[in-house]
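A short write-up of the structure that comes next.
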Amino acid sequence: MTQLERKTVSRIQESTRSVTIDGRRHLRRQVALLCGASLLAAGWTAAATAQEGGARMLDEVVVTAQRREDVAQDVPISLTAFTAEDITLSNIQGVDDFFFRTPNVSFIQEGSRDRRELSIRGVTNQVSRDIDVRPQSFGFYVDEFNVVQATVNPPILDMERIEVLRGPQGTGFGRNAVGGAINLVTRKPDNELFMENSVGYARFNSIDVESVLNVPIIEDTLAVRFAGKFAQTDGHIRNINPIGGGNDSKYQYLRGTVRWTPTERFTLDVTGTYVDEEVGMREGVPSGVMSSFGAFLFGPEANPDGVGFFPENRNRVNFNRGQSVGNKFYYLMARAQYDWDNLSLISITGYIDKDEFLRGDIDGGSVDAFFETKPLFRDSFTQEFRLVSALEGPLNWSAGVIYARDRGSQDQFTFAGNAFDPNDPGNQFVSGLPFQPGQQVTSSGSTGEFESYAVYGELFYDLSDRLSLKLGARVTRDEIDSLTFRTSGDPPVITAFAEGSTRYTDFSPSAALTWALTDEINLYGSVARGYKSGGIQTNIALAGEGEREDFDEETVWSYEVGVKSELFDRRLRLNAAAFYMDWKDMQVNTAVGVQRPDGNIAFIAAILNAAEAENYGVELDALALVTDNLVVGLGVGYLNAKFDSFDGAFIDGRFVDLTGRRIPNAPRLTANADAQYNFELGNGNEAFVRGEWFARSRNVANINSLVQEGFPWEVPGFNQVNLRAGIRTERWDMTAYVENVFDNNFFTNSYQKAFFGGLHVVPSFRNYGVRLTVRL
């Protein structure tokens, strides 16, 4: 029996001596925790239904959203949780998959697995991550360690649970999280020898091999667990140029964890993770709609270049130079916990090292006009200490301190291609630009260091049998040192330069009140403040050349009310929330290419603070056990996110008024539904069929899209249907699936991948495959 199980049994025995109304709620919570601990120790998670007294009902979901294990229904936070069973049945491989199944979240993609910009209730990173190290709008935690400086799309393998928390989370998590947090919990080593191997094959010659191995070394003292993944695909986009290629990719992942428990009170987990991703080209096909900079280079009409434009063209490009994008990173993390009878001390130490690259063709056509190289390096160190109480009375609390340091550097060089050689009749000379083949056109570079110190904590107090209060606070000190420059021409002329340091201090409180209306229905209300520090920018349009100008921190006040209920003998789970977010000084950025008087090209980058913005909306999550074998789920989100006052937006080299316009990457409606029917096959075997649907309403991807109209600046609404079926036995599983069954032709956003054929979009496609999993 694990330490959690022993402590839980002791508390259950104590609770059964006096079962008041509050005691019944407490007992329900502890029974759920014990069941969850036992099932997880066995290496699997319960399905959507559980057995109790002969009646089938929905399982309780145990989460750590408040940095302690609790039942999701008792947590005063709007969250969506995915169990290990959910992850397997829905074939969740990355952030796209579980974001499509979560209300009021969104993402845009820019060409590879790890190039994603996430949005939670409209709060997103409007400031590019490619320039230097900057704080993010959300936290992305793997086992309580924030990995956002390494990735926003870690592989989903051997996971215990995924939690998506909406709204500011700075008082409960180590790193700040102004818009929300994604919390991934991996399975830990235990005392059972276990091996699971899985192989999948899908369309486009896609192969995916996964393996999990758990080995106990010293019983009840030392165990190790490994999880590995290798995936490769020919991709769904083909380069028709003689050089060939496409968006073929290779992905490698390895995670190893050692668990040491020398006593019942002390646990140490040490984890190492390594990822290597390379994609043959940034995904996307030409739209035929030119950006202002593309029109300046090649004229107002996009060139079909033998491939045509989306939507007629969904799978072809014509690049005369190779292109590749990818990254390698590793992180090391140690989590130590010592438990006294009523108190736990937790230490989390982590280090991240990341190398990212983007290189090759950037003109986007068969004309060899421009190519680039763009390496990006980051490393990050975190040390956090946290105390968590486990008192029997009405009062409990958690408190922590954290130090974090992020460092990064980036060098970008753009070069002229052979199209500028007038003596080669096989190339098209790009007139009006004073370049020679191989000449440097532009460059930029940056180095930065971001240090953060914070003290944070939360207090939980039961005011009565039915009324509970949570109070939180965070004090943050951020220090930023940065050097950024841009050049134009060869020899290079500096067009922008800034170097300096800046400091920000913030106090962010939070409060939540929970009222148990009945044993089955909880009402809650919360208020929380979120914060993201400002920084240093270069902008020759706003400041004189060589001068420095800082942009301010952004803050969000979030107000939320909600209800969480389990009805009809726990056969229906129905949760709803309404929220309002008052956003001050949102950070937004844009960049535009211009021609200098000497004919050379320069890029102007701007980082501004929008004066005011507001988001409000509602969310609904429902899960129903319709019959003993049929489970149906539904999620709906409505979001109204707009700039209340923003009359100084700098877009395409001019100032525009965006007051009243919609915030990018924040669709008004998001929806998802699924239904699963289980069949008993005898001898403990079962089969299932599952249908899934998700939808998003019309959207705009970025700030630049707000001054344009129509395709592809405005992203039309879309939906997708998936079907899955499988057989599950004690030793093996077999699953077949079809994703995007009706081959709906949609895209999530457009981006400036290249210029010759206009803005690029990442097309959707139908995918189908099978997966076999064997347990030894």
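Going by the structure tokens order, chains are called A, B, ..., each with residues numbered from 1, while ligands are numbered from 1 in the order shown.
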Excluding same-chain residues fewer than 2 positions from region 730-733 of chain A, what lies within 8 Å of it counting only C-alpha atoms, as a compact mmCIF listing (two decimals) with N, CA and C atoms, in the first residue's frame?
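And here's around00.txt as it stands now:
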```
# COMPACT_ATOMS: atom_id res chain seq x y z
N GLY A 684 -13.60 -11.02 -19.90
CA GLY A 684 -12.97 -9.76 -19.54
C GLY A 684 -12.59 -8.89 -20.73
N ASN A 685 -12.91 -9.31 -21.94
CA ASN A 685 -12.58 -8.53 -23.13
C ASN A 685 -13.75 -7.63 -23.50
N GLY A 726 -12.45 -0.26 -31.62
CA GLY A 726 -11.35 -1.08 -31.17
C GLY A 726 -11.78 -2.23 -30.29
N ILE A 727 -10.83 -3.10 -30.03
CA ILE A 727 -10.98 -4.24 -29.13
C ILE A 727 -9.92 -4.12 -28.05
N ARG A 728 -10.33 -4.36 -26.80
CA ARG A 728 -9.40 -4.27 -25.69
C ARG A 728 -9.44 -5.57 -24.90
N THR A 735 -6.91 -0.79 -32.33
CA THR A 735 -7.80 0.34 -32.62
C THR A 735 -7.62 0.77 -34.06
N LEU A 772 -1.76 -1.03 -32.76
CA LEU A 772 -1.73 -2.26 -31.96
C LEU A 772 -0.87 -2.01 -30.74
N THR A 773 -1.40 -2.36 -29.57
CA THR A 773 -0.70 -2.20 -28.31
C THR A 773 -0.63 -3.54 -27.61
N VAL A 774 0.55 -3.92 -27.15
CA VAL A 774 0.76 -5.19 -26.47
C VAL A 774 1.40 -4.93 -25.12
N ARG A 775 0.85 -5.54 -24.07
CA ARG A 775 1.39 -5.43 -22.72
C ARG A 775 2.00 -6.75 -22.29
N LEU A 776 3.18 -6.68 -21.73
CA LEU A 776 3.90 -7.90 -21.32
C LEU A 776 4.01 -7.98 -19.80
```
* **Neighbour list for region 629-642 of chain A as an MDAnalysis selection string, cut-off 7 Å, only C-alpha atoms, skip fewer than 2 positions in-chain** => chainID A and resid 102:104 121:122 613:627 644 660:663 666:678
* To do: Extract, using only C-alpha atoms, all DNA, RNA and protein residues at most 9 Å from region 440-446 of chain A, discarding same-chain residues fewer than 3 positions from it, and format them as JSON, numbers by chain.
  => {"A": [131, 132, 370, 408, 409, 410, 411, 412, 413, 414, 415, 416, 435, 436, 437, 482, 483, 484, 485, 486, 487, 488, 489, 490, 491, 492, 600, 601, 602, 603]}
How would the residues just picked look written out with C-alpha atoms as a PDB file, in the first residue's frame?
```
ATOM      1  CA  ILE A 131      12.879  37.610 -30.818  1.00  0.00           C
ATOM      2  CA  ASP A 132      14.286  36.960 -27.355  1.00  0.00           C
ATOM      3  CA  PHE A 370      15.752  34.663 -50.973  1.00  0.00           C
ATOM      4  CA  GLY A 408      18.029  33.102 -24.980  1.00  0.00           C
ATOM      5  CA  SER A 409      19.740  34.251 -28.148  1.00  0.00           C
ATOM      6  CA  GLN A 410      18.706  34.394 -31.779  1.00  0.00           C
ATOM      7  CA  ASP A 411      20.545  35.195 -35.009  1.00  0.00           C
ATOM      8  CA  GLN A 412      18.718  35.610 -38.302  1.00  0.00           C
ATOM      9  CA  PHE A 413      20.254  36.198 -41.744  1.00  0.00           C
ATOM     10  CA  THR A 414      18.459  36.631 -45.056  1.00  0.00           C
ATOM     11  CA  PHE A 415      20.438  36.212 -48.288  1.00  0.00           C
ATOM     12  CA  ALA A 416      19.784  36.931 -51.950  1.00  0.00           C
ATOM     13  CA  PHE A 435      21.469  42.626 -54.620  1.00  0.00           C
ATOM     14  CA  GLN A 436      23.941  40.066 -55.878  1.00  0.00           C
ATOM     15  CA  PRO A 437      23.627  36.295 -55.448  1.00  0.00           C
ATOM     16  CA  SER A 482      18.107  42.521 -23.354  1.00  0.00           C
ATOM     17  CA  LEU A 483      20.098  43.453 -26.433  1.00  0.00           C
ATOM     18  CA  THR A 484      18.384  43.530 -29.837  1.00  0.00           C
ATOM     19  CA  PHE A 485      19.498  44.804 -33.236  1.00  0.00           C
ATOM     20  CA  ARG A 486      18.443  44.755 -36.890  1.00  0.00           C
ATOM     21  CA  THR A 487      20.542  45.460 -39.967  1.00  0.00           C
ATOM     22  CA  SER A 488      19.932  46.073 -43.646  1.00  0.00           C
ATOM     23  CA  GLY A 489      22.162  45.521 -46.681  1.00  0.00           C
ATOM     24  CA  ASP A 490      25.730  44.341 -47.178  1.00  0.00           C
ATOM     25  CA  PRO A 491      27.824  45.817 -45.680  1.00  0.00           C
ATOM     26  CA  PRO A 492      25.166  45.898 -42.965  1.00  0.00           C
ATOM     27  CA  ASN A 600      17.899  47.965 -49.371  1.00  0.00           C
ATOM     28  CA  ILE A 601      15.225  46.187 -47.327  1.00  0.00           C
ATOM     29  CA  ALA A 602      14.670  46.839 -43.616  1.00  0.00           C
ATOM     30  CA  PHE A 603      12.229  45.357 -41.120  1.00  0.00           C
TER      31      PHE A 603
END
```
* Quick one: pull the distance between CA of Ser565 (chain A) and CA of Ala512 (chain A), Å, one decimal. =>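 Atom-to-atom, CA of Ser565 (chain A) to CA of Ala512 (chain A), that is 17.5 Å.
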* Asked: Which of these residues is nearest to Ser508 (chain A), using only C-alpha atoms: A:Ser292, A:Thr729, A:Ser468, A:Thr476?
  ->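 Among the listed residues, the smallest separation from Ser508 (chain A) belongs to A:Thr476.
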* Contact residues around region 254-261 of chain A with only C-alpha atoms at 10 Å, ignoring same-chain residues under 5 positions, as a PyMOL selection string -> chain A and resi 155+157-158+186-190+210-230+266-276+330-337
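CA of Asn749 (chain A) is found 22.6 Å from CA of Phe296 (chain A).
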* Asked: Taking into account only C-alpha atoms, which residue in the set A:Ser750, A:Ser389, A:Gln720, A:Asn683 is nearest to Leu343 (chain A)?
  ->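 For Leu343 (chain A), the nearest of the candidates is A:Ser389.
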* strand (DSSP E or B) residues, from DSSP on the backbone, in region 48-277 of chain A, as a VMD selection string -> chain A and resid 49 to 52 55 to 58 62 to 63 70 to 71 79 to 83 105 to 109 116 to 120 123 to 124 139 to 142 145 to 146 159 to 166 180 to 186 194 to 202 206 to 218 222 to 233 238 to 239 246 249 to 260 266 to 277
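Take CA of Asn327 (chain A) and CA of Gly280 (chain A): the distance between them is 12.3 Å.
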* Asked: Contacts of Gly535 (chain A) at 7 Å or less, counting only C-alpha atoms, minus same-chain residues fewer than 5 places along, as a ChimeraX atom specification?
  -> /A:480,502,550-552
* For Thr171 (chain A), which residue out of A:Phe765, A:Tyr456, A:Phe293, A:Phe385 is the nearest one, using only C-alpha atoms? -> A:Tyr456
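Candidate residues A:Arg101, A:Arg474, A:Arg407, A:Arg314 were compared for distance to Pro509 (chain A), and the nearest is A:Arg474, using only C-alpha atoms.
Of the listed residues (A:Pro76, A:Pro712, A:Gly530, A:Gly322), A:Pro76 comes nearest to Gly562 (chain A); the distances count only C-alpha atoms.
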* In terms of the shortest atom-to-atom distance over only C-alpha atoms, which of A:Val142, A:Leu165, A:Val317, A:Ala302 is closest to Gly244 (chain A)? ->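 When distances to Gly244 (chain A) are compared using only C-alpha atoms, the smallest one comes from A:Val317.
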